[in-house]
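Structure file target_6.pdb (PDB, C-alpha atoms, pLDDT in the B column) is printed below.
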ATOM      1  CA  MET P   1     165.967 102.902  69.789  1.00 56.00           C
ATOM      2  CA  ASP P   2     166.254 104.295  73.292  1.00 58.00           C
ATOM      3  CA  ASP P   3     163.630 101.897  74.640  1.00 61.00           C
ATOM      4  CA  PRO P   4     164.761  98.319  73.884  1.00 55.00           C
ATOM      5  CA  THR P   5     161.152  97.097  74.171  1.00 65.00           C
ATOM      6  CA  GLU P   6     160.166  99.102  71.063  1.00 80.00           C
ATOM      7  CA  ALA P   7     160.410  97.518  67.620  1.00 91.00           C
ATOM      8  CA  PRO P   8     163.656  98.765  66.034  1.00 97.00           C
ATOM      9  CA  LEU P   9     164.275  99.928  62.484  1.00 98.00           C
ATOM     10  CA  PHE P  10     166.967  97.287  61.892  1.00 98.00           C
ATOM     11  CA  SER P  11     167.482  93.729  63.070  1.00 98.00           C
ATOM     12  CA  ILE P  12     171.124  92.737  62.587  1.00 98.00           C
ATOM     13  CA  ILE P  13     171.327  88.944  62.455  1.00 98.00           C
ATOM     14  CA  LEU P  14     174.676  87.300  63.224  1.00 97.00           C
ATOM     15  CA  PRO P  15     175.131  83.525  62.855  1.00 96.00           C
ATOM     16  CA  THR P  16     178.204  82.328  64.768  1.00 96.00           C
ATOM     17  CA  LEU P  17     180.140  79.141  65.372  1.00 95.00           C
ATOM     18  CA  ASN P  18     183.537  79.071  67.105  1.00 95.00           C
ATOM     19  CA  ALA P  19     184.078  82.753  66.303  1.00 95.00           C
ATOM     20  CA  GLU P  20     185.881  83.966  69.436  1.00 95.00           C
ATOM     21  CA  SER P  21     188.783  85.442  67.429  1.00 95.00           C
ATOM     22  CA  VAL P  22     186.617  87.657  65.184  1.00 96.00           C
ATOM     23  CA  ILE P  23     183.248  88.358  66.817  1.00 96.00           C
ATOM     24  CA  ALA P  24     184.442  91.243  69.031  1.00 96.00           C
ATOM     25  CA  ALA P  25     185.604  93.299  66.031  1.00 96.00           C
ATOM     26  CA  CYS P  26     182.328  92.618  64.257  1.00 97.00           C
ATOM     27  CA  LEU P  27     180.275  93.737  67.257  1.00 97.00           C
ATOM     28  CA  ASP P  28     182.506  96.797  67.745  1.00 96.00           C
ATOM     29  CA  SER P  29     181.593  97.920  64.215  1.00 97.00           C
ATOM     30  CA  ILE P  30     177.936  97.809  65.276  1.00 97.00           C
ATOM     31  CA  VAL P  31     178.465  99.475  68.659  1.00 96.00           C
ATOM     32  CA  GLY P  32     180.174 102.378  66.901  1.00 96.00           C
ATOM     33  CA  GLN P  33     177.213 103.188  64.655  1.00 97.00           C
ATOM     34  CA  THR P  34     175.849 106.728  64.948  1.00 98.00           C
ATOM     35  CA  LEU P  35     172.295 105.425  64.459  1.00 97.00           C
ATOM     36  CA  ARG P  36     171.166 103.308  67.401  1.00 96.00           C
ATOM     37  CA  ASP P  37     167.763 102.168  66.168  1.00 97.00           C
ATOM     38  CA  TYR P  38     168.623  98.479  65.917  1.00 98.00           C
ATOM     39  CA  GLU P  39     168.715  95.139  67.683  1.00 97.00           C
ATOM     40  CA  VAL P  40     171.417  92.479  67.338  1.00 98.00           C
ATOM     41  CA  LEU P  41     170.450  88.806  67.258  1.00 98.00           C
ATOM     42  CA  VAL P  42     173.374  86.411  67.606  1.00 97.00           C
ATOM     43  CA  LEU P  43     172.464  82.853  66.600  1.00 97.00           C
ATOM     44  CA  ASP P  44     175.242  80.671  67.944  1.00 96.00           C
ATOM     45  CA  GLY P  45     175.376  77.019  66.932  1.00 95.00           C
ATOM     46  CA  LEU P  46     176.726  75.830  70.302  1.00 95.00           C
ATOM     47  CA  SER P  47     180.295  77.046  69.840  1.00 96.00           C
ATOM     48  CA  ARG P  48     182.945  74.972  71.552  1.00 95.00           C
ATOM     49  CA  ASP P  49     185.317  77.912  72.091  1.00 95.00           C
ATOM     50  CA  HIS P  50     184.807  81.157  74.047  1.00 95.00           C
ATOM     51  CA  THR P  51     182.474  82.839  71.538  1.00 96.00           C
ATOM     52  CA  ALA P  52     179.645  83.157  74.091  1.00 94.00           C
ATOM     53  CA  ALA P  53     181.973  84.688  76.675  1.00 95.00           C
ATOM     54  CA  VAL P  54     183.247  87.301  74.205  1.00 95.00           C
ATOM     55  CA  ILE P  55     179.674  88.170  73.238  1.00 95.00           C
ATOM     56  CA  GLY P  56     178.760  88.447  76.910  1.00 92.00           C
ATOM     57  CA  ARG P  57     181.511  91.015  77.438  1.00 91.00           C
ATOM     58  CA  CYS P  58     180.117  93.077  74.534  1.00 90.00           C
ATOM     59  CA  GLN P  59     176.494  93.059  75.714  1.00 88.00           C
ATOM     60  CA  ALA P  60     176.859  96.013  78.081  1.00 88.00           C
ATOM     61  CA  SER P  61     178.121  98.214  75.228  1.00 90.00           C
ATOM     62  CA  LEU P  62     174.956  97.473  73.268  1.00 91.00           C
ATOM     63  CA  GLY P  63     172.641  98.633  76.052  1.00 85.00           C
ATOM     64  CA  GLY P  64     170.195  95.738  75.942  1.00 90.00           C
ATOM     65  CA  ARG P  65     170.093  95.626  72.149  1.00 95.00           C
ATOM     66  CA  LEU P  66     171.867  92.255  71.893  1.00 96.00           C
ATOM     67  CA  THR P  67     170.192  88.874  72.269  1.00 96.00           C
ATOM     68  CA  LEU P  68     172.260  85.673  72.247  1.00 96.00           C
ATOM     69  CA  CYS P  69     170.488  82.476  71.211  1.00 95.00           C
ATOM     70  CA  SER P  70     172.611  79.337  71.662  1.00 94.00           C
ATOM     71  CA  GLU P  71     171.149  76.204  70.113  1.00 94.00           C
ATOM     72  CA  ARG P  72     172.060  73.465  67.685  1.00 93.00           C
ATOM     73  CA  ASP P  73     171.286  74.308  64.070  1.00 92.00           C
ATOM     74  CA  GLN P  74     171.604  72.786  60.615  1.00 92.00           C
ATOM     75  CA  GLY P  75     174.136  75.298  59.346  1.00 92.00           C
ATOM     76  CA  ILE P  76     174.434  79.015  58.655  1.00 94.00           C
ATOM     77  CA  TYR P  77     171.176  79.387  56.705  1.00 96.00           C
ATOM     78  CA  ASP P  78     169.164  77.536  59.314  1.00 97.00           C
ATOM     79  CA  ALA P  79     170.612  79.949  61.880  1.00 97.00           C
ATOM     80  CA  MET P  80     169.668  82.892  59.654  1.00 97.00           C
ATOM     81  CA  ASN P  81     166.113  81.567  59.307  1.00 97.00           C
ATOM     82  CA  ARG P  82     165.918  81.300  63.096  1.00 97.00           C
ATOM     83  CA  GLY P  83     167.054  84.906  63.288  1.00 97.00           C
ATOM     84  CA  VAL P  84     164.296  85.950  60.887  1.00 97.00           C
ATOM     85  CA  ALA P  85     161.725  84.230  63.110  1.00 97.00           C
ATOM     86  CA  ARG P  86     162.953  86.131  66.180  1.00 97.00           C
ATOM     87  CA  ALA P  87     163.544  89.516  64.545  1.00 97.00           C
ATOM     88  CA  ARG P  88     161.396  92.504  65.493  1.00 97.00           C
ATOM     89  CA  GLY P  89     162.929  95.087  63.167  1.00 97.00           C
ATOM     90  CA  GLN P  90     161.354  96.550  60.062  1.00 97.00           C
ATOM     91  CA  TRP P  91     164.493  95.712  58.069  1.00 98.00           C
ATOM     92  CA  LEU P  92     166.691  92.624  58.364  1.00 98.00           C
ATOM     93  CA  TYR P  93     170.431  92.601  57.768  1.00 98.00           C
ATOM     94  CA  PHE P  94     172.725  89.559  57.889  1.00 98.00           C
ATOM     95  CA  LEU P  95     176.363  90.023  58.861  1.00 97.00           C
ATOM     96  CA  GLY P  96     179.034  87.355  59.203  1.00 94.00           C
ATOM     97  CA  ALA P  97     180.974  87.041  62.436  1.00 95.00           C
ATOM     98  CA  ASP P  98     184.204  87.770  60.546  1.00 95.00           C
ATOM     99  CA  ASP P  99     182.754  90.809  58.707  1.00 97.00           C
ATOM    100  CA  ARG P 100     182.348  94.437  59.782  1.00 97.00           C
ATOM    101  CA  LEU P 101     180.186  97.412  58.945  1.00 98.00           C
ATOM    102  CA  HIS P 102     182.322  99.665  56.789  1.00 97.00           C
ATOM    103  CA  HIS P 103     182.177 102.860  58.873  1.00 97.00           C
ATOM    104  CA  PRO P 104     180.147 104.332  61.773  1.00 98.00           C
ATOM    105  CA  GLN P 105     177.590 106.112  59.563  1.00 98.00           C
ATOM    106  CA  ILE P 106     176.440 103.066  57.568  1.00 98.00           C
ATOM    107  CA  LEU P 107     173.111 102.488  59.331  1.00 98.00           C
ATOM    108  CA  GLU P 108     172.392 106.211  59.265  1.00 98.00           C
ATOM    109  CA  GLN P 109     173.034 106.332  55.507  1.00 98.00           C
ATOM    110  CA  VAL P 110     170.866 103.291  54.857  1.00 98.00           C
ATOM    111  CA  ALA P 111     168.030 104.697  56.983  1.00 98.00           C
ATOM    112  CA  ALA P 112     168.125 107.927  54.956  1.00 98.00           C
ATOM    113  CA  PHE P 113     168.013 105.942  51.700  1.00 98.00           C
ATOM    114  CA  LEU P 114     165.024 103.932  52.892  1.00 98.00           C
ATOM    115  CA  ARG P 115     163.146 107.077  53.895  1.00 98.00           C
ATOM    116  CA  ALA P 116     163.781 108.501  50.414  1.00 98.00           C
ATOM    117  CA  ASN P 117     162.587 105.270  48.732  1.00 98.00           C
ATOM    118  CA  PRO P 118     159.446 104.166  50.588  1.00 97.00           C
ATOM    119  CA  ASP P 119     158.480 101.670  47.855  1.00 97.00           C
ATOM    120  CA  CYS P 120     161.691  99.705  48.361  1.00 98.00           C
ATOM    121  CA  ARG P 121     161.547  96.180  49.792  1.00 98.00           C
ATOM    122  CA  LEU P 122     165.198  95.245  49.217  1.00 98.00           C
ATOM    123  CA  ALA P 123     168.060  97.743  49.370  1.00 98.00           C
ATOM    124  CA  TYR P 124     171.618  96.741  48.565  1.00 98.00           C
ATOM    125  CA  GLY P 125     175.022  98.341  48.227  1.00 98.00           C
ATOM    126  CA  ASP P 126     178.622  97.164  47.869  1.00 98.00           C
ATOM    127  CA  VAL P 127     181.272  95.481  49.995  1.00 97.00           C
ATOM    128  CA  ILE P 128     185.042  95.658  50.291  1.00 97.00           C
ATOM    129  CA  LEU P 129     186.621  92.245  49.692  1.00 95.00           C
ATOM    130  CA  ARG P 130     189.301  91.442  52.240  1.00 93.00           C
ATOM    131  CA  SER P 131     191.240  89.281  49.762  1.00 92.00           C
ATOM    132  CA  THR P 132     191.934  92.149  47.342  1.00 94.00           C
ATOM    133  CA  SER P 133     190.778  95.300  49.224  1.00 96.00           C
ATOM    134  CA  SER P 134     188.637  95.978  46.136  1.00 97.00           C
ATOM    135  CA  ARG P 135     185.042  97.134  45.936  1.00 97.00           C
ATOM    136  CA  TYR P 136     182.532  94.505  44.817  1.00 97.00           C
ATOM    137  CA  GLY P 137     178.953  95.122  43.784  1.00 96.00           C
ATOM    138  CA  GLY P 138     177.171  97.609  41.582  1.00 97.00           C
ATOM    139  CA  ALA P 139     173.610  97.521  40.291  1.00 97.00           C
ATOM    140  CA  PHE P 140     172.116  94.067  39.679  1.00 97.00           C
ATOM    141  CA  ASP P 141     169.163  92.705  37.758  1.00 95.00           C
ATOM    142  CA  LEU P 142     167.845  89.177  37.198  1.00 93.00           C
ATOM    143  CA  ASP P 143     170.160  88.620  34.228  1.00 92.00           C
ATOM    144  CA  GLU P 144     173.194  89.501  36.344  1.00 94.00           C
ATOM    145  CA  LEU P 145     172.160  87.030  39.027  1.00 93.00           C
ATOM    146  CA  LEU P 146     171.349  84.264  36.549  1.00 89.00           C
ATOM    147  CA  PHE P 147     174.303  84.569  34.255  1.00 87.00           C
ATOM    148  CA  ARG P 148     177.162  86.167  36.162  1.00 88.00           C
ATOM    149  CA  ARG P 149     177.313  86.522  39.945  1.00 91.00           C
ATOM    150  CA  ASN P 150     175.527  87.060  43.242  1.00 93.00           C
ATOM    151  CA  ILE P 151     175.120  90.001  45.616  1.00 96.00           C
ATOM    152  CA  CYS P 152     176.941  89.555  48.928  1.00 95.00           C
ATOM    153  CA  HIS P 153     174.346  89.185  51.682  1.00 95.00           C
ATOM    154  CA  GLN P 154     176.549  91.514  53.777  1.00 97.00           C
ATOM    155  CA  ALA P 155     175.445  94.303  51.403  1.00 98.00           C
ATOM    156  CA  ILE P 156     171.671  93.697  51.514  1.00 98.00           C
ATOM    157  CA  PHE P 157     168.848  94.990  53.702  1.00 98.00           C
ATOM    158  CA  TYR P 158     165.549  93.087  53.364  1.00 98.00           C
ATOM    159  CA  ARG P 159     162.233  94.420  54.577  1.00 98.00           C
ATOM    160  CA  ARG P 160     160.978  91.867  57.079  1.00 96.00           C
ATOM    161  CA  ASP P 161     157.762  91.129  55.172  1.00 95.00           C
ATOM    162  CA  VAL P 162     159.846  89.932  52.206  1.00 96.00           C
ATOM    163  CA  PHE P 163     160.400  86.669  54.045  1.00 96.00           C
ATOM    164  CA  ALA P 164     156.661  86.256  54.617  1.00 93.00           C
ATOM    165  CA  GLY P 165     156.104  86.534  50.862  1.00 93.00           C
ATOM    166  CA  ILE P 166     159.208  85.005  49.282  1.00 94.00           C
ATOM    167  CA  GLY P 167     159.888  82.422  51.956  1.00 93.00           C
ATOM    168  CA  PRO P 168     162.929  81.529  54.083  1.00 96.00           C
ATOM    169  CA  TYR P 169     166.403  80.495  53.015  1.00 96.00           C
ATOM    170  CA  ASN P 170     166.123  77.117  51.307  1.00 94.00           C
ATOM    171  CA  LEU P 171     168.208  74.616  53.300  1.00 94.00           C
ATOM    172  CA  ARG P 172     168.524  72.471  50.186  1.00 90.00           C
ATOM    173  CA  TYR P 173     171.365  74.818  49.251  1.00 89.00           C
ATOM    174  CA  ARG P 174     174.049  74.496  51.920  1.00 87.00           C
ATOM    175  CA  ILE P 175     176.374  77.237  50.638  1.00 86.00           C
ATOM    176  CA  TRP P 176     174.486  79.494  48.197  1.00 88.00           C
ATOM    177  CA  ALA P 177     171.013  79.686  49.714  1.00 93.00           C
ATOM    178  CA  ASP P 178     171.415  83.478  49.733  1.00 94.00           C
ATOM    179  CA  TRP P 179     171.878  83.379  45.930  1.00 92.00           C
ATOM    180  CA  ASP P 180     168.685  81.354  45.596  1.00 93.00           C
ATOM    181  CA  LEU P 181     166.850  83.871  47.812  1.00 96.00           C
ATOM    182  CA  ASN P 182     168.067  86.789  45.717  1.00 96.00           C
ATOM    183  CA  LEU P 183     166.957  85.054  42.506  1.00 94.00           C
ATOM    184  CA  ARG P 184     163.489  84.659  43.991  1.00 94.00           C
ATOM    185  CA  CYS P 185     163.439  88.317  45.021  1.00 96.00           C
ATOM    186  CA  PHE P 186     164.649  89.736  41.710  1.00 96.00           C
ATOM    187  CA  GLY P 187     162.449  87.331  39.767  1.00 94.00           C
ATOM    188  CA  ASN P 188     159.319  88.706  41.405  1.00 95.00           C
ATOM    189  CA  PRO P 189     158.021  91.829  39.648  1.00 93.00           C
ATOM    190  CA  ALA P 190     156.034  92.875  42.745  1.00 94.00           C
ATOM    191  CA  LEU P 191     159.189  93.317  44.825  1.00 97.00           C
ATOM    192  CA  VAL P 192     161.060  96.605  44.390  1.00 98.00           C
ATOM    193  CA  ALA P 193     164.838  96.307  44.833  1.00 98.00           C
ATOM    194  CA  ARG P 194     167.036  99.416  44.778  1.00 98.00           C
ATOM    195  CA  TYR P 195     170.789  99.895  44.614  1.00 98.00           C
ATOM    196  CA  MET P 196     172.565 102.183  47.108  1.00 98.00           C
ATOM    197  CA  ASP P 197     175.880 103.546  45.840  1.00 98.00           C
ATOM    198  CA  ILE P 198     177.644 103.038  49.165  1.00 98.00           C
ATOM    199  CA  VAL P 199     179.996 100.471  50.707  1.00 98.00           C
ATOM    200  CA  VAL P 200     178.036  98.686  53.434  1.00 98.00           C
ATOM    201  CA  ALA P 201     180.516  96.182  54.857  1.00 98.00           C
ATOM    202  CA  ASP P 202     184.039  94.822  54.832  1.00 97.00           C
ATOM    203  CA  TYR P 203     183.531  91.220  53.763  1.00 95.00           C
ATOM    204  CA  ASP P 204     185.982  88.437  54.633  1.00 93.00           C
ATOM    205  CA  ASP P 205     186.036  86.347  51.456  1.00 88.00           C
ATOM    206  CA  THR P 206     189.288  84.579  52.343  1.00 85.00           C
ATOM    207  CA  GLY P 207     187.903  81.464  53.996  1.00 66.00           C
ATOM    208  CA  GLY P 208     184.940  79.344  54.951  1.00 57.00           C
ATOM    209  CA  LEU P 209     181.902  79.108  52.687  1.00 56.00           C
ATOM    210  CA  SER P 210     183.069  81.920  50.400  1.00 50.00           C
ATOM    211  CA  LEU P 211     185.701  79.614  48.863  1.00 45.00           C
ATOM    212  CA  LYS P 212     183.297  76.740  48.181  1.00 59.00           C
ATOM    213  CA  GLU P 213     180.627  76.050  45.609  1.00 67.00           C
ATOM    214  CA  ASP P 214     177.130  74.712  46.104  1.00 62.00           C
ATOM    215  CA  GLU P 215     176.774  71.763  43.733  1.00 73.00           C
ATOM    216  CA  GLU P 216     172.982  71.712  44.123  1.00 68.00           C
ATOM    217  CA  LEU P 217     172.484  75.334  43.049  1.00 71.00           C
ATOM    218  CA  ARG P 218     175.278  75.068  40.476  1.00 71.00           C
ATOM    219  CA  LYS P 219     173.136  72.554  38.554  1.00 71.00           C
ATOM    220  CA  ARG P 220     170.384  75.125  38.195  1.00 68.00           C
ATOM    221  CA  LEU P 221     172.214  78.330  37.257  1.00 73.00           C
ATOM    222  CA  PRO P 222     172.857  79.162  33.581  1.00 72.00           C
ATOM    223  CA  VAL P 223     176.116  80.897  34.564  1.00 66.00           C
ATOM    224  CA  PHE P 224     177.559  77.445  35.334  1.00 57.00           C
ATOM    225  CA  ILE P 225     175.806  75.602  32.505  1.00 53.00           C
ATOM    226  CA  LEU P 226     177.478  77.655  29.805  1.00 48.00           C
ATOM    227  CA  ARG P 227     180.448  79.960  30.197  1.00 44.00           C
ATOM    228  CA  GLY P 228     181.573  82.471  27.607  1.00 39.00           C
ATOM    229  CA  LYS P 229     179.329  84.134  25.019  1.00 44.00           C
ATOM    230  CA  ARG P 230     175.655  83.873  25.873  1.00 49.00           C
ATOM    231  CA  PRO P 231     173.411  82.650  23.036  1.00 48.00           C
ATOM    232  CA  ARG P 232     170.089  84.225  22.208  1.00 52.00           C
ATOM    233  CA  TRP P 233     168.086  81.480  23.904  1.00 46.00           C
ATOM    234  CA  MET P 234     169.498  82.427  27.296  1.00 51.00           C
ATOM    235  CA  GLY P 235     168.112  85.938  27.006  1.00 56.00           C
ATOM    236  CA  ALA P 236     164.753  84.422  26.153  1.00 57.00           C
ATOM    237  CA  LEU P 237     165.027  82.164  29.206  1.00 57.00           C
ATOM    238  CA  ALA P 238     165.580  85.142  31.502  1.00 58.00           C
ATOM    239  CA  ALA P 239     162.557  86.925  29.998  1.00 59.00           C
ATOM    240  CA  ALA P 240     160.429  83.806  30.438  1.00 59.00           C
ATOM    241  CA  LEU P 241     161.480  83.452  34.074  1.00 57.00           C
ATOM    242  CA  ARG P 242     160.281  86.984  34.764  1.00 56.00           C
ATOM    243  CA  GLN P 243     156.899  86.143  33.288  1.00 59.00           C
ATOM    244  CA  ILE P 244     156.402  82.890  35.178  1.00 56.00           C
ATOM    245  CA  ALA P 245     157.698  84.113  38.561  1.00 53.00           C
ATOM    246  CA  PRO P 246     155.158  82.883  41.150  1.00 47.00           C
ATOM    247  CA  ARG P 247     152.748  85.617  42.161  1.00 44.00           C
ATOM    248  CA  ARG P 248     150.796  84.137  45.014  1.00 40.00           C
ATOM    249  CA  GLY P 249     150.842  86.169  48.221  1.00 41.00           C
ATOM    250  CA  ARG P 250     152.401  89.565  48.687  1.00 42.00           C
ATOM    251  CA  PHE P 251     155.831  88.846  47.196  1.00 42.00           C
ATOM    252  CA  GLY P 252     155.594  85.540  45.413  1.00 39.00           C
ATOM    253  CA  ARG P 253     154.402  82.660  47.599  1.00 33.00           C
TER     254      ARG P 253
END
As structure tokens, how would this structure be written, given the file I've shared?
Amino acid sequence: MDDPTEAPLFSIILPTLNAESVIAACLDSIVGQTLRDYEVLVLDGLSRDHTAAVIGRCQASLGGRLTLCSERDQGIYDAMNRGVARARGQWLYFLGADDRLHHPQILEQVAAFLRANPDCRLAYGDVILRSTSSRYGGAFDLDELLFRRNICHQAIFYRRDVFAGIGPYNLRYRIWADWDLNLRCFGNPALVARYMDIVVADYDDTGGLSLKEDEELRKRLPVFILRGKRPRWMGALAAALRQIAPRRGRFGR
């Protein structure tokens, strides 16, 4: 994106709060990308440290691609929803302030994948977990999300119109609203999701929300209702959920 007034391919949305010690490394991983067709939206929840100053020093390196929005929010998912509302890109990507894109060719690789899969509305890959230096991810389906685990949002690219159809992050879930969003996406047969066999990001799973559980969503997920061997009725439940997924609108609302 040589002209910053043009709509970019990617909108990279970064919620921040008191992130002065980590945000520079995160932004450096974006600055170093070989593909430049992106914008960066930083949604800062009125940090009390020097986060804004660090971001200001990085703005010149991004050549007008970075926008800083400082305002009070209701938490990380409210900030992400605000980023969605401001985004101009065709594809939206959410990165944590303490995370990094895995290597300089990531956006270029994702762009090539999207060109090769024009029907795709959600593309996802893997992450490297900082706690173990191991690769996390693989191909998912609705059963995997219902009964086992979630996809890291640092690995997912959503087409912008997904949010017009599926809806925003649900602020009822303070910690796992991204899991709820992914369940809505994978539960909608009209939305094509495709797995990319690449590592997208280095994900810091050693602190913050990643170590907590969302009691509200926990009540609703079969993976927490019954651990161990899954009985036959759970498979039937997953099949029923696919059939009753809301179909109003383009992607389910």
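Here atom CA of Arg184 of chain P and atom CA of Leu43 of chain P stand 24.4 Å from one another.
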**Message:** Please expand the PyMOL selection byres ((chain P and resi 58) around 12) into the concrete residues it hits in this file, giving the result as number ranges by chain.
**Reply:** P: 20, 23-31, 40, 42, 51-57, 59-68
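Minimum atom-to-atom distance to Ser11 of chain P, evaluated using all atoms listed in the file, belongs to P:Phe157 out of P:Phe157, P:Asp49, P:Ala97, P:Asn117.
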**Proximity to Glu215 of chain P - best of P:Arg174, P:Tyr77, P:Gly32, P:Ser70, only C-alpha atoms** =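 Of all the options, P:Arg174 lies closest to Glu215 of chain P.
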**Prompt:** Could you pull the residues within 8 Å of segment 109-114 of chain P, counting all atoms listed in the file, minus those fewer than 4 positions along the same chain, as a PyMOL selection string?
**Reply:** chain P and resi 105+118+120+123+196
**Asked** Could you name the residues that touch Ser133 of chain P at 12 Å or less, counting only C-alpha atoms, but leaving out those on the same chain fewer than 2 positions away, as a PyMOL selection string?
**Response** chain P and resi 127-131+135-136+201-206
**Asked** Taking only C-alpha atoms into account, which of P:Gly167, P:Gly96, P:Gly187, P:Gly125 comes nearest Val22 of chain P?
**Response**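 For Val22 of chain P, the nearest of the given residues is P:Gly96.
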**Message:** Using Å and a single decimal, report how far atom CA of Leu9 of chain P sits from atom CA of Leu142 of chain P.
**Reply:**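 Computing it gives 27.7 Å between the two atoms.
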**Request:** Extract, using only C-alpha atoms, all DNA, RNA and protein residues at most 10 Å from Ala139 of chain P, discarding same-chain residues fewer than 6 positions from it, and format them as a list in words.
**Result:**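 Within the cut-off, the hits are Tyr124, Gly125, Asp126, Ile151, Ala193, Arg194, Tyr195, Met196 and Asp197 of chain P.
When only C-alpha atoms are used to compute distances to His50 of chain P, the closest of the residues P:Ala19, P:Ile166, P:Val192, P:Leu171 turns out to be P:Ala19.
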**Item:** For atom CA of Gly137 of chain P and atom CA of Gln154 of chain P, the interatomic separation in Å (one decimal)
**Value:**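 Separating atom CA of Gly137 of chain P from atom CA of Gln154 of chain P is a distance of 10.9 Å.
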**Message:** Could you check the closest approach to Tyr169 of chain P for each of P:His103, P:Arg148, P:Arg48, P:Arg82 and tell me which residue wins, using only C-alpha atoms?
**Reply:**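 Ranked by minimum distance to Tyr169 of chain P, first place goes to P:Arg82.
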Since the input has fewer atoms than a full residue there, write segment 185-204 of chain P out with N, CA and C atoms, as an mmCIF file, keeping the file's coordinate frame.
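As a result, out23.cif now contains:
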data_model
loop_
_atom_site.group_PDB
_atom_site.id
_atom_site.type_symbol
_atom_site.label_atom_id
_atom_site.label_comp_id
_atom_site.auth_asym_id
_atom_site.auth_seq_id
_atom_site.Cartn_x
_atom_site.Cartn_y
_atom_site.Cartn_z
ATOM 1 N N CYS P 185 163.809 86.909 44.827
ATOM 2 C CA CYS P 185 163.439 88.317 45.021
ATOM 3 C C CYS P 185 163.438 89.076 43.701
ATOM 4 N N PHE P 186 164.532 88.984 42.952
ATOM 5 C CA PHE P 186 164.649 89.736 41.710
ATOM 6 C C PHE P 186 163.752 89.178 40.613
ATOM 7 N N GLY P 187 163.352 87.910 40.740
ATOM 8 C CA GLY P 187 162.449 87.331 39.767
ATOM 9 C C GLY P 187 160.999 87.651 40.011
ATOM 10 N N ASN P 188 160.699 88.348 41.087
ATOM 11 C CA ASN P 188 159.319 88.706 41.405
ATOM 12 C C ASN P 188 159.066 90.168 41.072
ATOM 13 N N PRO P 189 158.240 90.441 40.071
ATOM 14 C CA PRO P 189 158.021 91.829 39.648
ATOM 15 C C PRO P 189 157.336 92.697 40.695
ATOM 16 N N ALA P 190 156.721 92.091 41.711
ATOM 17 C CA ALA P 190 156.034 92.875 42.745
ATOM 18 C C ALA P 190 156.988 93.401 43.803
ATOM 19 N N LEU P 191 158.230 92.936 43.796
ATOM 20 C CA LEU P 191 159.189 93.317 44.825
ATOM 21 C C LEU P 191 160.166 94.349 44.263
ATOM 22 N N VAL P 192 160.191 95.528 44.861
ATOM 23 C CA VAL P 192 161.060 96.605 44.390
ATOM 24 C C VAL P 192 162.412 96.521 45.096
ATOM 25 N N ALA P 193 163.470 96.345 44.312
ATOM 26 C CA ALA P 193 164.838 96.307 44.833
ATOM 27 C C ALA P 193 165.582 97.527 44.305
ATOM 28 N N ARG P 194 166.327 98.209 45.185
ATOM 29 C CA ARG P 194 167.036 99.416 44.778
ATOM 30 C C ARG P 194 168.500 99.367 45.230
ATOM 31 N N TYR P 195 169.346 99.870 44.354
ATOM 32 C CA TYR P 195 170.789 99.895 44.614
ATOM 33 C C TYR P 195 171.183 101.179 45.333
ATOM 34 N N MET P 196 171.989 101.051 46.394
ATOM 35 C CA MET P 196 172.565 102.183 47.108
ATOM 36 C C MET P 196 174.048 102.269 46.735
ATOM 37 N N ASP P 197 174.484 103.388 46.259
ATOM 38 C CA ASP P 197 175.880 103.546 45.840
ATOM 39 C C ASP P 197 176.761 103.856 47.045
ATOM 40 N N ILE P 198 176.814 102.901 47.973
ATOM 41 C CA ILE P 198 177.644 103.038 49.165
ATOM 42 C C ILE P 198 178.284 101.686 49.479
ATOM 43 N N VAL P 199 179.394 101.701 50.192
ATOM 44 C CA VAL P 199 179.996 100.471 50.707
ATOM 45 C C VAL P 199 179.373 100.194 52.068
ATOM 46 N N VAL P 200 178.745 99.038 52.202
ATOM 47 C CA VAL P 200 178.036 98.686 53.434
ATOM 48 C C VAL P 200 178.950 97.989 54.422
ATOM 49 N N ALA P 201 179.757 97.036 53.942
ATOM 50 C CA ALA P 201 180.516 96.182 54.857
ATOM 51 C C ALA P 201 181.883 95.821 54.292
ATOM 52 N N ASP P 202 182.772 95.443 55.191
ATOM 53 C CA ASP P 202 184.039 94.822 54.832
ATOM 54 C C ASP P 202 183.828 93.321 54.963
ATOM 55 N N TYR P 203 183.914 92.625 53.842
ATOM 56 C CA TYR P 203 183.531 91.220 53.763
ATOM 57 C C TYR P 203 184.778 90.331 53.702
ATOM 58 N N ASP P 204 184.861 89.375 54.617
ATOM 59 C CA ASP P 204 185.982 88.437 54.633
ATOM 60 C C ASP P 204 185.684 87.287 53.674
#
